[in-house]
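Next comes model_4.txt, a file with compact mmCIF, C-alpha atoms.
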```txt
# COMPACT_ATOMS: atom_id res chain seq x y z
CA MET S 1 98.72 100.76 57.82
CA PRO S 2 95.37 98.94 58.01
CA TYR S 3 97.35 95.70 58.46
CA LEU S 4 99.09 97.20 61.51
CA ILE S 5 95.76 98.17 63.04
CA SER S 6 94.41 94.68 62.41
CA ILE S 7 97.45 93.10 64.06
CA LEU S 8 97.19 95.37 67.13
CA VAL S 9 93.47 94.71 67.52
CA PHE S 10 94.04 90.97 67.14
CA VAL S 11 96.78 90.98 69.78
CA PHE S 12 94.67 93.00 72.19
CA ILE S 13 91.62 90.75 71.79
CA SER S 14 93.80 87.66 72.11
CA ILE S 15 95.21 88.92 75.39
CA LEU S 16 91.68 89.26 76.77
CA PHE S 17 91.11 85.55 76.30
CA ILE S 18 94.52 84.22 77.30
CA PRO S 19 94.11 82.02 80.41
CA SER S 20 95.96 83.80 83.17
CA LYS S 21 96.89 80.44 84.73
CA TRP S 22 99.43 79.89 81.96
CA PHE S 23 101.61 82.50 83.58
CA GLU S 24 100.91 81.74 87.23
CA ALA S 25 103.84 79.34 87.60
CA ASN S 26 106.40 81.86 86.34
CA VAL S 27 104.95 84.63 88.47
CA ILE S 28 105.03 82.43 91.59
CA ARG S 29 108.66 81.52 90.90
CA LYS S 30 109.52 85.20 90.52
CA ARG S 31 107.75 86.11 93.77
CA LEU S 32 109.49 83.32 95.65
CA ALA S 33 112.84 84.42 94.26
CA ASP S 34 112.35 88.08 95.08
CA ALA S 35 110.53 87.36 98.39
CA PRO S 36 108.24 90.39 98.24
CA LYS S 37 106.18 91.61 101.12
CA ASP S 38 102.85 89.84 101.35
CA ILE S 39 99.90 92.16 101.06
CA ASN S 40 96.35 91.02 101.68
CA VAL S 41 94.08 92.37 98.99
CA THR S 42 90.32 92.21 99.13
CA GLY S 43 87.87 92.60 96.33
CA LYS S 44 88.14 91.73 92.65
CA LEU S 45 89.33 94.11 89.95
CA SER S 46 88.73 93.33 86.30
CA PHE S 47 92.24 94.27 85.20
CA ARG S 48 93.88 91.99 87.79
CA ARG S 49 93.67 89.09 85.38
CA PHE S 50 96.38 90.86 83.36
CA THR S 51 98.77 91.00 86.32
CA PRO S 52 100.34 87.56 85.67
CA LEU S 53 100.83 88.50 82.01
CA VAL S 54 102.47 91.82 82.82
CA MET S 55 104.72 90.22 85.44
CA HIS S 56 105.65 87.49 82.97
CA LEU S 57 106.54 90.06 80.29
CA MET S 58 108.65 91.96 82.81
CA THR S 59 110.47 88.73 83.61
CA ILE S 60 111.08 88.01 79.91
CA LEU S 61 112.35 91.57 79.32
CA ASN S 62 114.45 91.33 82.50
CA ILE S 63 112.72 94.37 83.99
CA ARG S 64 112.98 94.25 87.76
CA LEU S 65 111.44 96.65 90.20
CA SER S 66 113.98 97.59 92.86
CA ILE S 67 113.18 96.92 96.50
CA GLU S 68 113.27 100.65 97.27
CA LYS S 69 110.87 101.47 94.43
CA SER S 70 108.54 98.63 95.42
CA GLU S 71 108.48 99.79 99.04
CA GLU S 72 107.88 103.38 97.93
CA MET S 73 104.93 102.31 95.78
CA ALA S 74 103.54 100.15 98.60
CA THR S 75 103.82 103.13 100.96
CA LYS S 76 101.93 105.37 98.53
CA LEU S 77 99.18 102.78 98.19
CA GLN S 78 98.95 102.66 101.97
CA LEU S 79 98.86 106.45 102.29
CA GLY S 80 96.10 106.59 99.70
CA GLY S 81 94.07 103.93 101.50
CA GLN S 82 94.34 101.65 98.46
CA ASP S 83 96.50 98.90 99.97
CA ASP S 84 93.42 96.74 100.54
CA LYS S 85 92.53 97.01 96.82
CA PHE S 86 95.89 97.00 95.05
CA ARG S 87 99.07 95.08 95.36
CA VAL S 88 102.21 96.65 93.92
CA GLU S 89 101.96 94.24 90.99
CA ASP S 90 98.34 95.23 90.37
CA PHE S 91 99.20 98.92 90.34
CA ILE S 92 102.02 98.33 87.85
CA THR S 93 99.54 96.44 85.68
CA LEU S 94 97.15 99.40 85.86
CA LYS S 95 99.92 101.73 84.70
CA VAL S 96 100.84 99.44 81.80
CA LEU S 97 97.22 99.01 80.70
CA SER S 98 96.66 102.76 80.87
CA ALA S 99 99.71 103.37 78.67
CA LEU S 100 98.59 100.67 76.22
CA PHE S 101 95.08 102.08 76.01
CA PHE S 102 96.26 105.59 75.11
CA LEU S 103 98.79 104.21 72.62
CA LEU S 104 96.19 102.13 70.77
CA TYR S 105 93.59 104.90 70.94
CA PHE S 106 95.85 107.50 69.32
CA LEU S 107 97.11 105.01 66.76
CA PHE S 108 93.50 104.25 65.87
CA LEU S 109 92.69 107.96 65.54
CA GLY S 110 95.75 108.49 63.37
CA PHE S 111 95.15 105.59 61.00
CA ALA S 112 91.36 105.88 60.83
CA GLY S 113 91.41 109.62 60.17
CA ASP S 114 94.63 109.59 58.15
CA GLN S 115 96.19 112.02 60.63
CA PRO S 116 99.96 111.46 60.94
CA LEU S 117 100.11 113.88 63.86
CA PHE S 118 98.17 111.48 66.09
CA ILE S 119 100.51 108.65 65.08
CA TYR S 120 103.55 110.72 66.02
CA LEU S 121 101.95 111.72 69.31
CA ALA S 122 101.00 108.15 70.21
CA VAL S 123 104.32 107.30 71.89
CA PHE S 124 104.35 110.57 73.84
CA ILE S 125 100.74 110.07 74.94
CA MET S 126 101.64 106.52 75.98
CA PHE S 127 104.07 107.89 78.59
CA ILE S 128 101.39 110.28 79.81
CA GLY S 129 98.99 107.35 80.14
CA PHE S 130 101.63 105.49 82.13
CA LEU S 131 101.80 108.40 84.61
CA ILE S 132 98.04 108.98 84.96
CA PRO S 133 97.58 106.30 87.68
CA ASP S 134 100.34 108.00 89.70
CA GLN S 135 98.44 111.29 89.59
CA TRP S 136 95.23 109.50 90.55
CA LEU S 137 96.99 107.90 93.53
CA LYS S 138 98.46 111.28 94.51
CA SER S 139 94.98 112.80 94.57
CA LYS S 140 93.79 109.90 96.74
CA ILE S 141 96.65 110.52 99.18
CA ASN S 142 95.84 114.24 99.46
CA LYS S 143 92.13 113.52 99.88
CA ARG S 144 92.79 110.95 102.62
CA LYS S 145 95.13 113.26 104.51
CA SER S 146 92.58 116.07 104.32
CA GLN S 147 89.88 113.72 105.62
CA ILE S 148 92.09 112.64 108.53
CA ARG S 149 92.74 116.27 109.46
CA LYS S 150 88.98 116.94 109.50
CA GLU S 151 88.22 113.89 111.65
CA LEU S 152 91.08 114.32 114.14
CA PRO S 153 89.60 116.97 116.52
CA TYR S 154 86.28 115.14 116.76
CA MET S 155 88.06 111.88 117.44
CA LEU S 156 90.27 113.43 120.14
CA ASN S 157 87.29 114.94 121.92
CA ALA S 158 85.35 111.67 121.68
CA VAL S 159 88.25 109.63 123.12
CA ALA S 160 88.68 112.24 125.88
CA VAL S 161 85.00 111.93 126.81
CA MET S 162 85.30 108.13 126.93
CA SER S 163 88.42 108.41 129.10
CA GLU S 164 86.62 110.76 131.48
CA ALA S 165 83.82 108.17 131.69
CA GLY S 166 86.32 105.69 133.16
CA LEU S 167 87.63 103.77 130.13
CA ASN S 168 91.31 103.21 129.56
CA LEU S 169 92.98 104.55 126.41
CA MET S 170 92.69 101.50 124.14
CA PRO S 171 89.09 100.60 125.09
CA ALA S 172 88.15 104.25 124.58
CA MET S 173 89.76 104.28 121.12
CA LYS S 174 88.04 101.02 120.22
CA GLU S 175 84.66 102.35 121.32
CA VAL S 176 85.08 105.55 119.29
CA ALA S 177 86.34 103.65 116.23
CA ASN S 178 83.34 101.30 116.30
CA LYS S 179 80.83 104.14 116.54
CA GLN S 180 82.32 106.38 113.84
CA ASP S 181 83.11 105.92 110.16
CA GLY S 182 86.05 107.44 108.35
CA GLU S 183 89.72 107.06 107.59
CA LEU S 184 90.83 107.88 111.13
CA SER S 185 88.38 105.37 112.59
CA LYS S 186 89.94 102.70 110.39
CA GLU S 187 93.37 103.62 111.73
CA LEU S 188 92.15 103.44 115.32
CA LYS S 189 90.77 99.97 114.67
CA LYS S 190 94.20 98.92 113.38
CA VAL S 191 95.85 100.36 116.51
CA THR S 192 93.55 98.49 118.87
CA ARG S 193 93.96 95.32 116.83
CA ASP S 194 97.76 95.58 116.97
CA VAL S 195 97.65 96.10 120.75
CA SER S 196 95.28 93.15 121.17
CA VAL S 197 97.82 90.81 119.53
CA GLY S 198 100.61 91.86 121.89
CA GLU S 199 102.17 94.96 120.36
CA SER S 200 102.98 97.84 122.68
CA GLN S 201 100.71 100.86 122.67
CA VAL S 202 103.55 103.22 121.73
CA ARG S 203 104.63 101.09 118.76
CA ALA S 204 101.04 100.68 117.57
CA LEU S 205 100.57 104.45 117.68
CA GLU S 206 103.87 105.00 115.84
CA ARG S 207 102.76 102.65 113.09
CA MET S 208 99.55 104.64 112.82
CA GLY S 209 101.64 107.77 112.30
CA GLU S 210 103.62 106.02 109.56
CA ARG S 211 100.40 105.05 107.79
CA CYS S 212 98.91 108.55 108.02
CA GLN S 213 101.95 110.84 107.68
CA VAL S 214 99.91 113.85 108.81
CA ASP S 215 101.67 116.44 110.96
CA GLU S 216 98.73 116.89 113.33
CA VAL S 217 98.48 113.14 113.89
CA ASN S 218 102.23 112.86 114.48
CA ARG S 219 102.13 115.60 117.14
CA PHE S 220 99.20 113.91 118.86
CA ILE S 221 100.99 110.54 118.81
CA SER S 222 104.22 112.08 120.11
CA ALA S 223 102.48 113.76 123.06
CA LEU S 224 100.44 110.65 123.86
CA SER S 225 103.47 108.34 123.59
CA GLN S 226 105.46 110.49 126.02
CA ASN S 227 102.60 110.36 128.49
CA ILE S 228 102.34 106.56 128.16
CA GLU S 229 106.10 106.02 128.55
CA ARG S 230 106.23 108.17 131.68
CA GLY S 231 103.38 106.14 133.08
CA ALA S 232 101.72 109.36 134.13
CA SER S 233 98.01 109.91 134.35
CA GLY S 234 96.30 112.79 132.63
CA ILE S 235 95.75 111.25 129.22
CA THR S 236 92.43 113.05 129.09
CA LYS S 237 94.19 116.41 129.47
CA VAL S 238 96.63 115.48 126.71
CA LEU S 239 93.74 114.63 124.42
CA ARG S 240 91.95 117.87 125.23
CA ASP S 241 95.09 119.94 124.65
CA GLN S 242 95.77 118.22 121.34
CA ALA S 243 92.17 118.71 120.22
CA LYS S 244 92.39 122.41 121.06
CA GLU S 245 95.67 122.70 119.16
CA VAL S 246 94.18 121.01 116.11
CA TRP S 247 91.15 123.31 116.19
CA GLU S 248 93.42 126.37 116.35
CA ALA S 249 95.45 125.04 113.42
CA ARG S 250 92.26 124.54 111.42
CA LYS S 251 91.14 128.10 112.16
CA LYS S 252 94.48 129.50 111.00
CA ASN S 253 94.33 127.36 107.89
CA ALA S 254 90.80 128.58 107.15
CA GLN S 255 91.95 132.20 107.52
CA GLN S 256 94.85 131.60 105.16
CA LEU S 257 92.56 129.98 102.62
CA GLY S 258 90.19 132.95 102.89
CA GLU S 259 93.03 135.39 102.24
CA GLN S 260 94.22 133.35 99.28
CA ALA S 261 90.68 133.19 97.89
CA SER S 262 90.32 136.99 98.04
CA MET S 263 93.59 137.40 96.15
CA LYS S 264 92.52 134.85 93.54
CA LEU S 265 89.19 136.66 93.05
CA PHE S 266 90.86 140.03 92.54
CA LEU S 267 92.10 139.32 88.99
CA PRO S 268 88.74 138.01 87.64
CA LEU S 269 87.05 140.97 89.31
CA LEU S 270 89.46 143.36 87.62
CA LEU S 271 89.11 141.73 84.19
CA PHE S 272 85.38 141.03 84.07
CA ALA S 273 83.33 142.72 86.77
CA LEU S 274 84.98 146.16 86.65
CA PRO S 275 84.65 146.68 82.86
CA ALA S 276 81.03 145.49 82.95
CA THR S 277 80.26 147.93 85.79
CA ALA S 278 81.99 150.76 83.95
CA ILE S 279 79.98 150.06 80.80
CA PHE S 280 76.75 149.89 82.81
CA ILE S 281 77.43 153.25 84.51
CA LEU S 282 79.12 155.20 81.71
CA GLY S 283 77.21 153.70 78.76
CA PRO S 284 74.06 155.85 79.03
CA ALA S 285 76.16 158.98 79.59
CA LEU S 286 78.27 158.26 76.48
CA ILE S 287 75.15 157.64 74.39
CA SER S 288 73.67 160.97 75.55
CA ILE S 289 76.90 162.81 74.74
CA ILE S 290 77.08 161.26 71.24
CA ASP S 291 73.41 162.14 70.55
CA PHE S 292 74.04 165.74 71.69
CA LEU S 293 77.10 166.11 69.44
CA LEU S 294 75.30 164.63 66.43
CA SER S 295 72.27 166.85 66.92
CA ASN S 296 74.49 169.95 66.82
```
Take the structure in this file and express it as structure tokens.
Amino acid sequence: MPYLISILVFVFISILFIPSKWFEANVIRKRLADAPKDINVTGKLSFRRFTPLVMHLMTILNIRLSIEKSEEMATKLQLGGQDDKFRVEDFITLKVLSALFFLLYFLFLGFAGDQPLFIYLAVFIMFIGFLIPDQWLKSKINKRKSQIRKELPYMLNAVAVMSEAGLNLMPAMKEVANKQDGELSKELKKVTRDVSVGESQVRALERMGERCQVDEVNRFISALSQNIERGASGITKVLRDQAKEVWEARKKNAQQLGEQASMKLFLPLLLFALPATAIFILGPALISIIDFLLSN
């Protein structure tokens, strides 16, 4: 068993120092053959140096990610606001490294502590480690959607004010996006950028809806797109109406959350607070009764 640990540690340390350029040629050939969608990624991540190795191993093992699965993963990265940090290949590498880390960690615990249970659990934990990045990405998606919902009414009112001041729709959106920070401001900047390079306003807004996938945003885009296609004025009124609708939806959601919170607090109150209160009130009376009975 110690020999197995030594071999695993040696392989892991060797991988850290393998020049990633050795595998670049094979990875480039694979990308050219599969013609994946090009994604611009900014920033440097320490684990990205393992991406060529992981892609090379997948090529050797003849493991291919289907186009549908690749597009689904790319969409999730976009929904989570991570598409500027991760490519699909980088996220797969993160999943593989996470699985490998948990596998080696539990094997080490099993061999070092002479605990066979950890060794048997190592493979199962490896699959859990492989799924942990998916759960992390899911939490990022939910957090981003929640942030967009919070920012939407303020953005709608701000764009409406700019429109009332005499600006057209796109200049108003650009002005609001430049003055505010947040996920929705980033999306507005993308919309104005798409329009500036020749894309229609309706299509740019629809692409924004695809990137957000938030019901409130989709309703706002639908109403605004209909107004643009009809060529009718009154965009300010549409923005005001949508902002009012979003505020009402937020109020209803807050009421529902309050009702759910009261129901969730009922059980802890019944299990902990009520017995403590009963003891506090009835305790002295019970002590007095016991003393009276003992004295007689």
* Rank nothing, just name the residue among S:Gln260, S:Asn62, S:Asn168, S:Ser200 nearest to Gly234 in chain S, using all atoms listed in the file. =>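 Comparing S:Gln260, S:Asn62, S:Asn168, S:Ser200 against Gly234 in chain S, the winner is S:Asn168.
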* Asked: Which value, in Å to one decimal, gives the distance between CA of Glu248 in chain S and CA of Ile221 in chain S?
  ->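 CA of Ile221 in chain S lies at a distance of 17.7 Å from CA of Glu248 in chain S.
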Could I get the residues of range 39-98 of chain S with an atom no further than 12 Å from an atom of range 185-196 of chain S, each paired with its nearest atom pair and that distance in Å to one decimal, using only C-alpha atoms, sorted by chain and residue number, as JSON lines?
```
{"residue": "S:Gln78", "atom": "CA", "partner": "S:Glu187", "partner_atom": "CA", "distance": 11.3}
{"residue": "S:Leu79", "atom": "CA", "partner": "S:Glu187", "partner_atom": "CA", "distance": 11.3}
{"residue": "S:Gly81", "atom": "CA", "partner": "S:Lys186", "partner_atom": "CA", "distance": 9.9}
```
Quick one: what's the axis-aligned box for range 54-72 of chain S, all listed atoms, 6 Å on every side, centre and edges in Å to one decimal, as JSON?
```
{"center_x": 108.5, "center_y": 95.4, "center_z": 89.2, "size_x": 24.0, "size_y": 27.9, "size_z": 31.7}
```
* Asked: Got a sec: who's within 7 Å of Leu156 in chain S, counting only C-alpha atoms, leaving out chain neighbours fewer than 2 positions off, as an NGL selection string?
  -> :S and (152-154 or 158-160 or 239-240 or 243)
* So which residues fall inside 8 Å of (98.7, 105.0, 74.1) if we count all atoms listed in the file? Mind giving them as a VMD selection string? -> chain S and resid 98 to 107 122 to 127 129
* Would you work out the distance separating CA of Glu72 in chain S from CA of Leu94 in chain S, expressed in Å to one decimal? => 16.6 Å
* So how many Å separate CA of Arg144 in chain S and CA of Asp84 in chain S, to one decimal? ->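 Between CA of Arg144 in chain S and CA of Asp84 in chain S the gap is 14.4 Å.
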* Find the residues around Met155 in chain S up to 9 Å (all atoms listed in the file counted), leave out those fewer than 6 positions away in its own chain, and share them as JSON, numbers by chain. => {"S": [173, 176, 177, 180, 184, 185, 243]}
* To do: Write out as an NGL selection string the residues lying within 8 Å of range 146-151 of chain S, counting all atoms listed in the file and excluding same-chain residues fewer than 3 positions away.
  => :S and (142-143 or 154-155 or 182-184 or 212 or 214 or 216-217)
* **S:Asp181, S:Val88, S:Ile289, S:Leu117 ranked by distance to Ile67 in chain S, top pick (using only C-alpha atoms)** =>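 Ranking S:Asp181, S:Val88, S:Ile289, S:Leu117 by distance to Ile67 in chain S, first place goes to S:Val88.
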